[in-house]
file coords21.cif (mmCIF, C-alpha atoms)
data_my_file
#
loop_
_atom_site.label_atom_id
_atom_site.label_comp_id
_atom_site.auth_asym_id
_atom_site.auth_seq_id
_atom_site.Cartn_x
_atom_site.Cartn_y
_atom_site.Cartn_z
CA MET R 1420 1.53 -13.27 -12.28
CA ILE R 1421 2.70 -9.66 -12.15
CA THR R 1422 0.55 -7.00 -10.47
CA LEU R 1423 0.91 -3.27 -11.10
CA THR R 1424 0.06 -0.54 -8.59
CA THR R 1425 1.02 3.01 -9.59
CA ASP R 1426 0.07 6.67 -9.44
CA PHE R 1427 0.58 7.11 -13.20
CA GLY R 1428 -3.07 7.78 -14.04
CA ILE R 1429 -4.64 6.48 -17.24
CA LYS R 1430 -4.49 9.54 -19.51
CA GLY R 1431 -0.91 9.28 -20.72
CA PRO R 1432 1.25 6.53 -22.22
CA TYR R 1433 3.03 5.57 -18.99
CA VAL R 1434 1.13 2.39 -18.10
CA GLY R 1435 1.35 1.16 -21.67
CA GLU R 1436 5.06 1.87 -21.81
CA MET R 1437 5.71 -0.11 -18.63
CA LYS R 1438 3.66 -3.05 -19.88
CA GLY R 1439 5.50 -2.94 -23.20
CA ALA R 1440 8.84 -3.08 -21.39
CA ILE R 1441 7.66 -6.08 -19.38
CA LEU R 1442 6.32 -7.93 -22.42
CA THR R 1443 9.46 -7.25 -24.46
CA ILE R 1444 11.42 -9.24 -21.89
CA ASN R 1445 8.71 -11.78 -21.13
CA PRO R 1446 6.00 -12.01 -23.82
CA GLU R 1447 4.13 -14.65 -21.78
CA ALA R 1448 3.81 -12.47 -18.68
CA ARG R 1449 0.37 -12.37 -17.09
CA ILE R 1450 -0.08 -8.73 -16.01
CA ILE R 1451 -2.83 -7.68 -13.60
CA ASP R 1452 -3.62 -3.97 -13.25
CA ILE R 1453 -4.51 -3.29 -9.61
CA THR R 1454 -4.80 0.48 -9.95
CA HIS R 1455 -3.00 3.37 -11.59
CA SER R 1456 -5.07 5.92 -9.67
CA ILE R 1457 -3.20 6.10 -6.37
CA THR R 1458 -3.23 9.74 -5.27
CA ARG R 1459 -0.11 11.29 -6.77
CA HIS R 1460 2.96 10.72 -4.57
CA SER R 1461 0.90 9.10 -1.75
CA ILE R 1462 3.26 6.38 -0.58
CA LEU R 1463 0.99 5.56 2.37
CA GLU R 1464 -2.07 5.05 0.16
CA GLY R 1465 -0.06 2.87 -2.21
CA SER R 1466 1.28 0.79 0.66
CA PHE R 1467 -2.26 0.09 1.91
CA VAL R 1468 -3.47 -0.94 -1.53
CA MET R 1469 -0.49 -3.22 -2.09
CA GLU R 1470 -1.05 -4.83 1.32
CA GLN R 1471 -4.62 -5.78 0.46
CA VAL R 1472 -3.59 -7.28 -2.88
CA VAL R 1473 -0.71 -9.25 -1.34
CA LYS R 1474 -3.04 -10.72 1.30
CA TYR R 1475 -5.16 -12.41 -1.36
CA SER R 1476 -2.57 -13.31 -4.01
CA PRO R 1477 -1.05 -16.76 -4.58
CA PRO R 1478 2.56 -17.65 -3.75
CA SER R 1479 5.26 -16.38 -6.12
CA THR R 1480 3.17 -13.43 -7.33
CA ILE R 1481 5.35 -10.46 -8.31
CA HIS R 1482 3.97 -7.14 -7.10
CA ILE R 1483 5.39 -4.05 -8.82
CA GLY R 1484 4.62 -0.80 -7.01
CA VAL R 1485 5.60 2.58 -8.41
CA ILE R 1486 4.66 5.53 -6.23
CA ASP R 1487 8.04 7.17 -6.46
CA PRO R 1488 8.36 10.91 -5.80
CA GLY R 1489 12.12 10.39 -5.29
CA VAL R 1490 12.74 8.82 -8.69
CA GLY R 1491 16.26 9.54 -9.95
CA THR R 1492 17.60 10.45 -6.49
CA GLU R 1493 19.68 8.37 -4.09
CA ARG R 1494 16.66 6.33 -2.98
CA ARG R 1495 17.19 2.65 -3.77
CA ALA R 1496 15.24 0.49 -6.17
CA MET R 1497 14.75 -2.92 -4.58
CA ILE R 1498 13.32 -6.41 -4.66
CA VAL R 1499 12.00 -8.04 -1.49
CA GLU R 1500 11.81 -11.82 -1.68
CA GLY R 1501 9.42 -13.91 0.40
CA ASP R 1502 6.45 -16.11 -0.39
CA GLN R 1503 5.78 -13.39 -2.95
CA PHE R 1504 7.99 -10.66 -4.43
CA LEU R 1505 7.82 -6.89 -4.01
CA VAL R 1506 9.53 -4.78 -6.68
CA LEU R 1507 9.47 -1.13 -5.68
CA PRO R 1508 11.40 1.93 -4.49
CA ASP R 1509 12.81 1.78 -0.98
CA ASN R 1510 10.76 4.75 0.21
CA GLY R 1511 8.29 3.18 2.65
CA LEU R 1512 5.98 1.68 0.02
CA ALA R 1513 6.86 -1.82 1.27
CA THR R 1514 5.75 -1.09 4.85
CA LEU R 1515 2.33 -2.76 4.87
CA PRO R 1516 2.73 -5.54 2.26
CA LEU R 1517 5.90 -6.70 4.05
CA LYS R 1518 3.69 -8.02 6.86
CA TRP R 1519 2.24 -10.70 4.59
CA ILE R 1520 5.01 -12.08 2.38
CA LYS R 1521 7.26 -13.66 5.06
CA PRO R 1522 10.30 -11.72 3.78
CA LYS R 1523 13.57 -13.63 3.76
CA ALA R 1524 15.85 -11.33 1.74
CA ALA R 1525 16.00 -7.97 -0.02
CA TYR R 1526 18.18 -6.79 -2.90
CA GLU R 1527 19.12 -3.41 -4.29
CA ILE R 1528 18.50 -3.44 -8.03
CA ASN R 1529 21.72 -2.67 -9.89
CA LEU R 1530 20.76 -0.14 -12.55
CA LYS R 1531 23.80 -0.95 -14.70
CA LYS R 1532 22.78 -4.60 -14.84
CA ILE R 1533 19.24 -3.70 -15.83
CA GLU R 1534 20.55 -1.25 -18.44
CA GLY R 1535 22.67 -4.01 -19.96
CA ILE R 1536 19.69 -6.36 -20.11
CA ILE R 1537 17.24 -3.89 -21.68
CA GLY R 1538 19.89 -2.56 -24.05
CA ARG R 1539 19.14 1.13 -23.67
CA PRO R 1540 19.83 3.95 -21.19
CA ILE R 1541 17.64 4.15 -18.09
CA SER R 1542 15.59 7.33 -17.82
CA SER R 1543 16.21 9.31 -14.63
CA THR R 1544 12.48 10.03 -14.35
CA PHE R 1545 10.74 6.78 -15.40
CA HIS R 1546 12.03 3.83 -13.41
CA GLY R 1547 8.63 2.16 -13.67
CA ARG R 1548 9.33 1.47 -17.34
CA ASP R 1549 13.10 1.11 -17.22
CA VAL R 1550 13.84 -0.54 -13.84
CA PHE R 1551 10.86 -1.94 -11.93
CA GLY R 1552 9.00 -3.32 -14.94
CA PRO R 1553 12.05 -5.12 -16.39
CA ALA R 1554 13.07 -6.43 -12.95
CA GLY R 1555 9.60 -7.87 -12.43
CA ALA R 1556 9.65 -9.44 -15.90
CA LEU R 1557 13.00 -11.09 -15.18
CA LEU R 1558 11.77 -12.50 -11.87
CA ASP R 1559 8.75 -13.88 -13.70
CA LEU R 1560 11.14 -15.64 -16.10
CA GLY R 1561 12.81 -17.34 -13.14
CA TYR R 1562 15.78 -15.05 -12.50
CA GLU R 1563 17.08 -15.23 -8.95
CA PRO R 1564 16.88 -11.73 -7.45
CA SER R 1565 20.53 -12.00 -6.41
CA ARG R 1566 21.41 -11.79 -10.13
CA LEU R 1567 19.96 -8.29 -10.25
CA GLY R 1568 21.75 -6.67 -7.32
CA LYS R 1569 23.43 -6.94 -3.94
CA GLU R 1570 21.62 -8.09 -0.82
CA LEU R 1571 20.25 -5.50 1.59
CA ASP R 1572 19.69 -5.66 5.34
CA LEU R 1573 15.95 -6.33 5.72
CA GLU R 1574 15.95 -4.40 8.99
CA ARG R 1575 17.13 -1.24 7.21
CA ILE R 1576 14.39 -1.07 4.60
CA VAL R 1577 12.60 2.28 4.86
CA LYS R 1578 9.36 2.01 6.88
CA LEU R 1579 6.55 4.51 7.26
CA ASP R 1580 5.70 5.66 10.79
CA ILE R 1581 2.19 4.25 11.02
CA GLU R 1582 2.12 2.53 14.39
CA PRO R 1583 -0.94 3.55 16.45
CA LYS R 1584 0.04 5.66 19.45
CA LYS R 1585 -1.69 5.37 22.83
CA LYS R 1586 -2.63 8.60 24.61
CA ASP R 1587 -4.34 8.17 27.99
CA ASN R 1588 -7.69 6.54 27.14
CA SER R 1589 -7.43 7.35 23.46
CA TRP R 1590 -5.43 6.45 20.37
CA ILE R 1591 -3.64 8.80 18.02
CA LEU R 1592 -4.39 7.21 14.68
CA LYS R 1593 -3.56 7.96 11.06
CA VAL R 1594 -5.82 7.83 8.02
CA ILE R 1595 -4.20 5.24 5.78
CA TYR R 1596 -6.84 5.09 3.06
CA VAL R 1597 -10.01 6.75 1.82
CA ASP R 1598 -11.92 4.66 -0.70
CA ASP R 1599 -14.21 5.82 -3.50
CA PHE R 1600 -17.21 5.64 -1.15
CA GLY R 1601 -15.55 8.10 1.23
CA ASN R 1602 -14.96 5.45 3.90
CA VAL R 1603 -12.08 6.43 6.19
CA ILE R 1604 -9.70 3.61 7.13
CA LEU R 1605 -7.52 4.11 10.20
CA ASN R 1606 -4.35 2.27 11.24
CA LEU R 1607 -5.83 0.29 14.14
CA GLU R 1608 -6.06 -3.51 13.99
CA ASP R 1609 -6.59 -6.26 16.55
CA TYR R 1610 -8.65 -4.17 18.94
CA GLU R 1611 -11.55 -5.12 21.19
CA LYS R 1612 -14.81 -4.03 19.58
CA PRO R 1613 -16.23 -0.98 21.40
CA GLU R 1614 -19.82 0.14 21.87
CA TYR R 1615 -19.01 3.44 20.17
CA ILE R 1616 -16.07 5.70 19.37
CA LYS R 1617 -15.37 9.37 20.00
CA ILE R 1618 -13.70 11.32 17.22
CA LEU R 1619 -13.58 15.04 16.39
CA GLY R 1620 -16.23 15.81 18.99
CA LYS R 1621 -18.64 13.16 17.70
CA GLU R 1622 -19.87 9.95 19.29
CA ILE R 1623 -20.26 7.27 16.62
CA LEU R 1624 -21.84 3.84 17.14
CA TYR R 1625 -19.66 0.83 16.35
CA LEU R 1626 -21.72 -1.60 14.25
CA GLY R 1627 -21.35 -4.50 11.84
CA THR R 1628 -22.35 -3.07 8.48
CA TYR R 1629 -23.41 0.12 6.71
CA GLY R 1630 -27.16 -0.59 6.54
CA GLU R 1631 -27.50 -0.61 10.33
CA VAL R 1632 -27.85 3.19 10.31
CA LYS R 1633 -30.05 5.47 8.28
CA PRO R 1634 -28.74 6.98 5.03
CA GLY R 1635 -26.53 9.95 5.81
CA GLU R 1636 -25.61 8.73 9.32
CA LEU R 1637 -22.10 7.99 10.57
CA LEU R 1638 -20.98 4.63 11.91
CA ALA R 1639 -17.74 2.88 12.82
CA LEU R 1640 -17.04 -0.75 11.92
CA PRO R 1641 -14.22 -3.23 11.27
CA GLY R 1642 -14.62 -2.99 7.50
CA SER R 1643 -13.49 -5.66 5.06
CA HIS R 1644 -9.78 -5.02 5.67
CA ASP R 1645 -9.85 -5.55 9.47
CA TYR R 1646 -8.80 -1.97 10.19
CA LEU R 1647 -11.01 0.44 12.11
CA GLU R 1648 -13.22 2.16 9.56
CA ILE R 1649 -15.55 5.16 9.72
CA ALA R 1650 -18.31 5.44 7.16
CA VAL R 1651 -21.55 7.18 6.27
CA ASN R 1652 -24.38 5.06 4.94
CA GLN R 1653 -24.73 6.18 1.30
CA GLY R 1654 -22.49 9.15 1.96
CA SER R 1655 -18.85 10.16 2.53
CA ALA R 1656 -17.29 10.09 5.97
CA ALA R 1657 -14.15 11.70 4.55
CA GLU R 1658 -16.14 14.73 3.41
CA LEU R 1659 -18.23 14.95 6.57
CA LEU R 1660 -15.23 14.70 8.89
CA GLU R 1661 -12.88 16.57 6.53
CA LEU R 1662 -10.25 13.83 6.65
CA ARG R 1663 -7.75 12.67 4.05
CA VAL R 1664 -4.91 10.16 3.82
CA GLY R 1665 -2.06 11.00 6.18
CA ASP R 1666 -4.16 13.00 8.66
CA GLU R 1667 -3.74 12.17 12.35
CA VAL R 1668 -6.78 12.08 14.59
CA GLU R 1669 -7.48 11.25 18.24
CA VAL R 1670 -9.95 8.39 18.69
CA GLU R 1671 -11.38 7.00 21.91
CA LEU R 1672 -12.92 3.53 21.94
CA VAL R 1673 -15.71 3.42 24.51
CA TYR R 1674 -16.93 0.11 25.94
CA LYS R 1675 -20.14 -0.83 27.74
CA GLY R 1676 -20.07 0.60 31.22
CA GLY R 1677 -17.10 2.81 30.24
#
call {"tool": "encode", "arguments": {"input": "coords21.cif", "output": "structure tokens"}}
result
Amino acid sequence: MITLTTDFGIKGPYVGEMKGAILTINPEARIIDITHSITRHSILEGSFVMEQVVKYSPPSTIHIGVIDPGVGTERRAMIVEGDQFLVLPDNGLATLPLKWIKPKAAYEINLKKIEGIIGRPISSTFHGRDVFGPAGALLDLGYEPSRLGKELDLERIVKLDIEPKKKDNSWILKVIYVDDFGNVILNLEDYEKPEYIKILGKEILYLGTYGEVKPGELLALPGSHDYLEIAVNQGSAAELLELRVGDEVEVELVYKGG
């Protein structure tokens, strides 16, 4: 199975071109569209989405991610091999999905080798079609990733700076995703559940699900992805709090008797 996560949108021919390139190499490929509506150039948003898909995909799935504002520059195109495969630019997109695939090796995709396989020049602006798609198709056919490029040091793969930062009794957190409901997902996992949180001058109850507050009211909860989430029942927390992906915000978790 090959999954596709991109910021291409659905108006133009780009998704179709990439699928065509994959199917030309491997006509039996099973291609799953995750989304092509990642906010343009938002590597962090793409990394979150890929993480969630990797968590629930079977072994040997090939995940192609193309959120690539540095296409055609010196940034590397790479394959990360583990229980599953990541095929993507080395620009931080691998940060969150890496946690789930038990990575054992990474390889820089050799563009000359790919060019020889596809039999045409590689565009400097569309590596989704000409590099990542073909590389994913070849892996799906059983190619060893070492045939497509030299091995990289796993420790030197580019990582996004999204570790939560402690500040006195608070956390400095980053918005890593805003979904279509306006729910704000923050980069805090594995925390003790508080009674309420303080954020942007507001005290917000920490509850179990959206319907525990009245429509239009804020709440905090673990959400379905196990990250700290802020929501509005039948409304948009992102709009109410004026937050978007990449924003940093100070959050205090308040416990009973605290």
call {"tool": "residues_near_point", "arguments": {"input": "coords21.cif", "point": "(-20.4, 10.2, 0.9)", "cutoff": "9 Å", "atoms": "only C-alpha atoms", "output": "NGL selection string"}}
result
:R and (1599-1602 or 1635 or 1650-1659)
call {"tool": "closest_residue", "arguments": {"input": "coords21.cif", "among": "R:Asn1588, R:Gln1503, R:Asn1606, R:Thr1424", "to": "Gly1465 in chain R", "atoms": "all atoms listed in the file"}}
result
R:Thr1424
call {"tool": "atom_distance", "arguments": {"input": "coords21.cif", "atom1": "CA of Glu1608 in chain R", "atom2": "CA of Leu1662 in chain R"}}
result
19.3 Å
call {"tool": "resolve_selection", "arguments": {"input": "coords21.cif", "expression": "the PyMOL selection byres ((chain R and resi 1486-1490) around 7)", "output": "NGL selection string"}}
result
:R and (1425-1426 or 1460-1462 or 1465 or 1484-1485 or 1491-1492 or 1494 or 1508 or 1543-1544 or 1546)
call {"tool": "closest_residue", "arguments": {"input": "coords21.cif", "among": "R:Val1506, R:Ile1537, R:Val1670, R:Lys1474", "to": "Lys1584 in chain R", "atoms": "all atoms listed in the file"}}
result
R:Val1670
call {"tool": "residues_around", "arguments": {"input": "coords21.cif", "residues": "range 1453-1459 of chain R", "least_positions_apart": "2", "cutoff": "12 Å", "atoms": "only C-alpha atoms", "output": "PyMOL selection string"}}
result
chain R and resi 1420-1435+1437+1450-1451+1461-1473+1476+1482-1488+1547+1595-1599+1663-1665
call {"tool": "atom_distance", "arguments": {"input": "coords21.cif", "atom1": "CA of Ile1520 in chain R", "atom2": "CA of Glu1500 in chain R"}}
result
7.9 Å
call {"tool": "atom_distance", "arguments": {"input": "coords21.cif", "atom1": "CA of Asp1587 in chain R", "atom2": "CA of Leu1619 in chain R"}}
result
16.3 Å
call {"tool": "resolve_selection", "arguments": {"input": "coords21.cif", "expression": "the PyMOL selection byres ((chain R and resi 1534) around 12)", "output": "list in words"}}
result
Ile1528, Asn1529, Leu1530, Lys1531, Lys1532, Ile1533, Gly1535, Ile1536, Ile1537, Gly1538, Arg1539, Pro1540, Ile1541, Ser1542, His1546, Arg1548, Asp1549, Val1550, Phe1551, Pro1553, Ala1554 and Leu1567 of chain R
call {"tool": "write_last_selection", "arguments": {"input": "coords21.cif", "atoms": "C-alpha atoms", "output": "PDB file, keeping the file's coordinate frame"}}
result
ATOM      1  CA  ILE R1528      18.500  -3.440  -8.030  1.00  0.00           C
ATOM      2  CA  ASN R1529      21.720  -2.670  -9.890  1.00  0.00           C
ATOM      3  CA  LEU R1530      20.760  -0.140 -12.550  1.00  0.00           C
ATOM      4  CA  LYS R1531      23.800  -0.950 -14.700  1.00  0.00           C
ATOM      5  CA  LYS R1532      22.780  -4.600 -14.840  1.00  0.00           C
ATOM      6  CA  ILE R1533      19.240  -3.700 -15.830  1.00  0.00           C
ATOM      7  CA  GLY R1535      22.670  -4.010 -19.960  1.00  0.00           C
ATOM      8  CA  ILE R1536      19.690  -6.360 -20.110  1.00  0.00           C
ATOM      9  CA  ILE R1537      17.240  -3.890 -21.680  1.00  0.00           C
ATOM     10  CA  GLY R1538      19.890  -2.560 -24.050  1.00  0.00           C
ATOM     11  CA  ARG R1539      19.140   1.130 -23.670  1.00  0.00           C
ATOM     12  CA  PRO R1540      19.830   3.950 -21.190  1.00  0.00           C
ATOM     13  CA  ILE R1541      17.640   4.150 -18.090  1.00  0.00           C
ATOM     14  CA  SER R1542      15.590   7.330 -17.820  1.00  0.00           C
ATOM     15  CA  HIS R1546      12.030   3.830 -13.410  1.00  0.00           C
ATOM     16  CA  ARG R1548       9.330   1.470 -17.340  1.00  0.00           C
ATOM     17  CA  ASP R1549      13.100   1.110 -17.220  1.00  0.00           C
ATOM     18  CA  VAL R1550      13.840  -0.540 -13.840  1.00  0.00           C
ATOM     19  CA  PHE R1551      10.860  -1.940 -11.930  1.00  0.00           C
ATOM     20  CA  PRO R1553      12.050  -5.120 -16.390  1.00  0.00           C
ATOM     21  CA  ALA R1554      13.070  -6.430 -12.950  1.00  0.00           C
ATOM     22  CA  LEU R1567      19.960  -8.290 -10.250  1.00  0.00           C
TER      23      LEU R1567
END
call {"tool": "build_atoms", "arguments": {"input": "coords21.cif", "residues": "range 1642-1653 of chain R", "atoms": "all heavy atoms", "output": "CSV table (one decimal), in the frame of the given file"}}
result
chain,number,residue,atom,x,y,z
R,1642,GLY,N,-14.9,-3.0,8.9
R,1642,GLY,CA,-14.6,-3.0,7.5
R,1642,GLY,C,-14.1,-4.3,7.0
R,1642,GLY,O,-13.8,-5.3,7.7
R,1643,SER,N,-13.9,-4.4,5.7
R,1643,SER,CA,-13.5,-5.7,5.1
R,1643,SER,C,-12.0,-5.9,5.1
R,1643,SER,O,-11.5,-6.9,4.7
R,1643,SER,CB,-14.0,-5.7,3.6
R,1643,SER,OG,-13.4,-4.6,2.9
R,1644,HIS,N,-11.2,-4.9,5.6
R,1644,HIS,CA,-9.8,-5.0,5.7
R,1644,HIS,C,-9.3,-5.2,7.1
R,1644,HIS,O,-8.0,-5.2,7.3
R,1644,HIS,CB,-9.1,-3.8,5.0
R,1644,HIS,CG,-9.6,-3.5,3.6
R,1644,HIS,ND1,-10.5,-2.5,3.3
R,1644,HIS,CD2,-9.3,-4.2,2.5
R,1644,HIS,CE1,-10.7,-2.5,2.0
R,1644,HIS,NE2,-10.1,-3.6,1.5
R,1645,ASP,N,-10.2,-5.3,8.1
R,1645,ASP,CA,-9.8,-5.6,9.5
R,1645,ASP,C,-9.2,-4.4,10.2
R,1645,ASP,O,-8.7,-4.5,11.3
R,1645,ASP,CB,-8.9,-6.8,9.6
R,1645,ASP,CG,-9.6,-8.0,9.1
R,1645,ASP,OD1,-10.8,-8.2,9.3
R,1645,ASP,OD2,-8.9,-8.8,8.4
R,1646,TYR,N,-9.2,-3.2,9.5
R,1646,TYR,CA,-8.8,-2.0,10.2
R,1646,TYR,C,-10.1,-1.2,10.7
R,1646,TYR,O,-11.1,-1.4,10.1
R,1646,TYR,CB,-8.1,-1.1,9.2
R,1646,TYR,CG,-6.7,-1.5,8.9
R,1646,TYR,CD1,-6.4,-2.1,7.7
R,1646,TYR,CD2,-5.6,-1.2,9.7
R,1646,TYR,CE1,-5.1,-2.5,7.3
R,1646,TYR,CE2,-4.3,-1.6,9.4
R,1646,TYR,CZ,-4.0,-2.2,8.2
R,1646,TYR,OH,-2.8,-2.6,7.8
R,1647,LEU,N,-9.9,-0.4,11.7
R,1647,LEU,CA,-11.0,0.4,12.1
R,1647,LEU,C,-11.4,1.4,11.0
R,1647,LEU,O,-10.6,2.1,10.4
R,1647,LEU,CB,-10.6,1.3,13.3
R,1647,LEU,CG,-11.6,2.2,13.9
R,1647,LEU,CD1,-12.9,1.5,14.3
R,1647,LEU,CD2,-11.0,3.1,15.0
R,1648,GLU,N,-12.7,1.4,10.7
R,1648,GLU,CA,-13.2,2.2,9.6
R,1648,GLU,C,-14.4,3.1,10.0
R,1648,GLU,O,-15.2,2.7,10.9
R,1648,GLU,CB,-13.7,1.2,8.5
R,1648,GLU,CG,-14.3,1.9,7.2
R,1648,GLU,CD,-14.7,0.9,6.2
R,1648,GLU,OE1,-13.9,-0.1,5.9
R,1648,GLU,OE2,-15.8,1.0,5.6
R,1649,ILE,N,-14.4,4.2,9.5
R,1649,ILE,CA,-15.6,5.2,9.7
R,1649,ILE,C,-16.2,5.4,8.4
R,1649,ILE,O,-15.6,5.7,7.4
R,1649,ILE,CB,-15.1,6.5,10.4
R,1649,ILE,CG1,-14.3,6.2,11.6
R,1649,ILE,CG2,-16.3,7.4,10.7
R,1649,ILE,CD1,-13.6,7.4,12.2
R,1650,ALA,N,-17.6,5.3,8.4
R,1650,ALA,CA,-18.3,5.4,7.2
R,1650,ALA,C,-19.6,6.2,7.4
R,1650,ALA,O,-20.0,6.5,8.5
R,1650,ALA,CB,-18.6,4.0,6.6
R,1651,VAL,N,-20.2,6.6,6.3
R,1651,VAL,CA,-21.6,7.2,6.3
R,1651,VAL,C,-22.4,6.3,5.3
R,1651,VAL,O,-22.0,6.1,4.2
R,1651,VAL,CB,-21.5,8.6,5.8
R,1651,VAL,CG1,-23.0,9.1,5.6
R,1651,VAL,CG2,-20.8,9.6,6.8
R,1652,ASN,N,-23.5,5.9,5.8
R,1652,ASN,CA,-24.4,5.1,4.9
R,1652,ASN,C,-24.8,5.9,3.7
R,1652,ASN,O,-25.5,6.9,3.9
R,1652,ASN,CB,-25.6,4.6,5.7
R,1652,ASN,CG,-26.5,3.6,4.9
R,1652,ASN,OD1,-26.1,3.2,3.8
R,1652,ASN,ND2,-27.7,3.4,5.4
R,1653,GLN,N,-24.4,5.5,2.6
R,1653,GLN,CA,-24.7,6.2,1.3
R,1653,GLN,C,-24.2,7.6,1.3
R,1653,GLN,O,-24.8,8.5,0.7
R,1653,GLN,CB,-26.2,6.1,1.0
R,1653,GLN,CG,-26.8,4.7,0.9
R,1653,GLN,CD,-28.3,4.6,0.7
R,1653,GLN,OE1,-28.8,5.4,-0.1
R,1653,GLN,NE2,-28.9,3.7,1.4
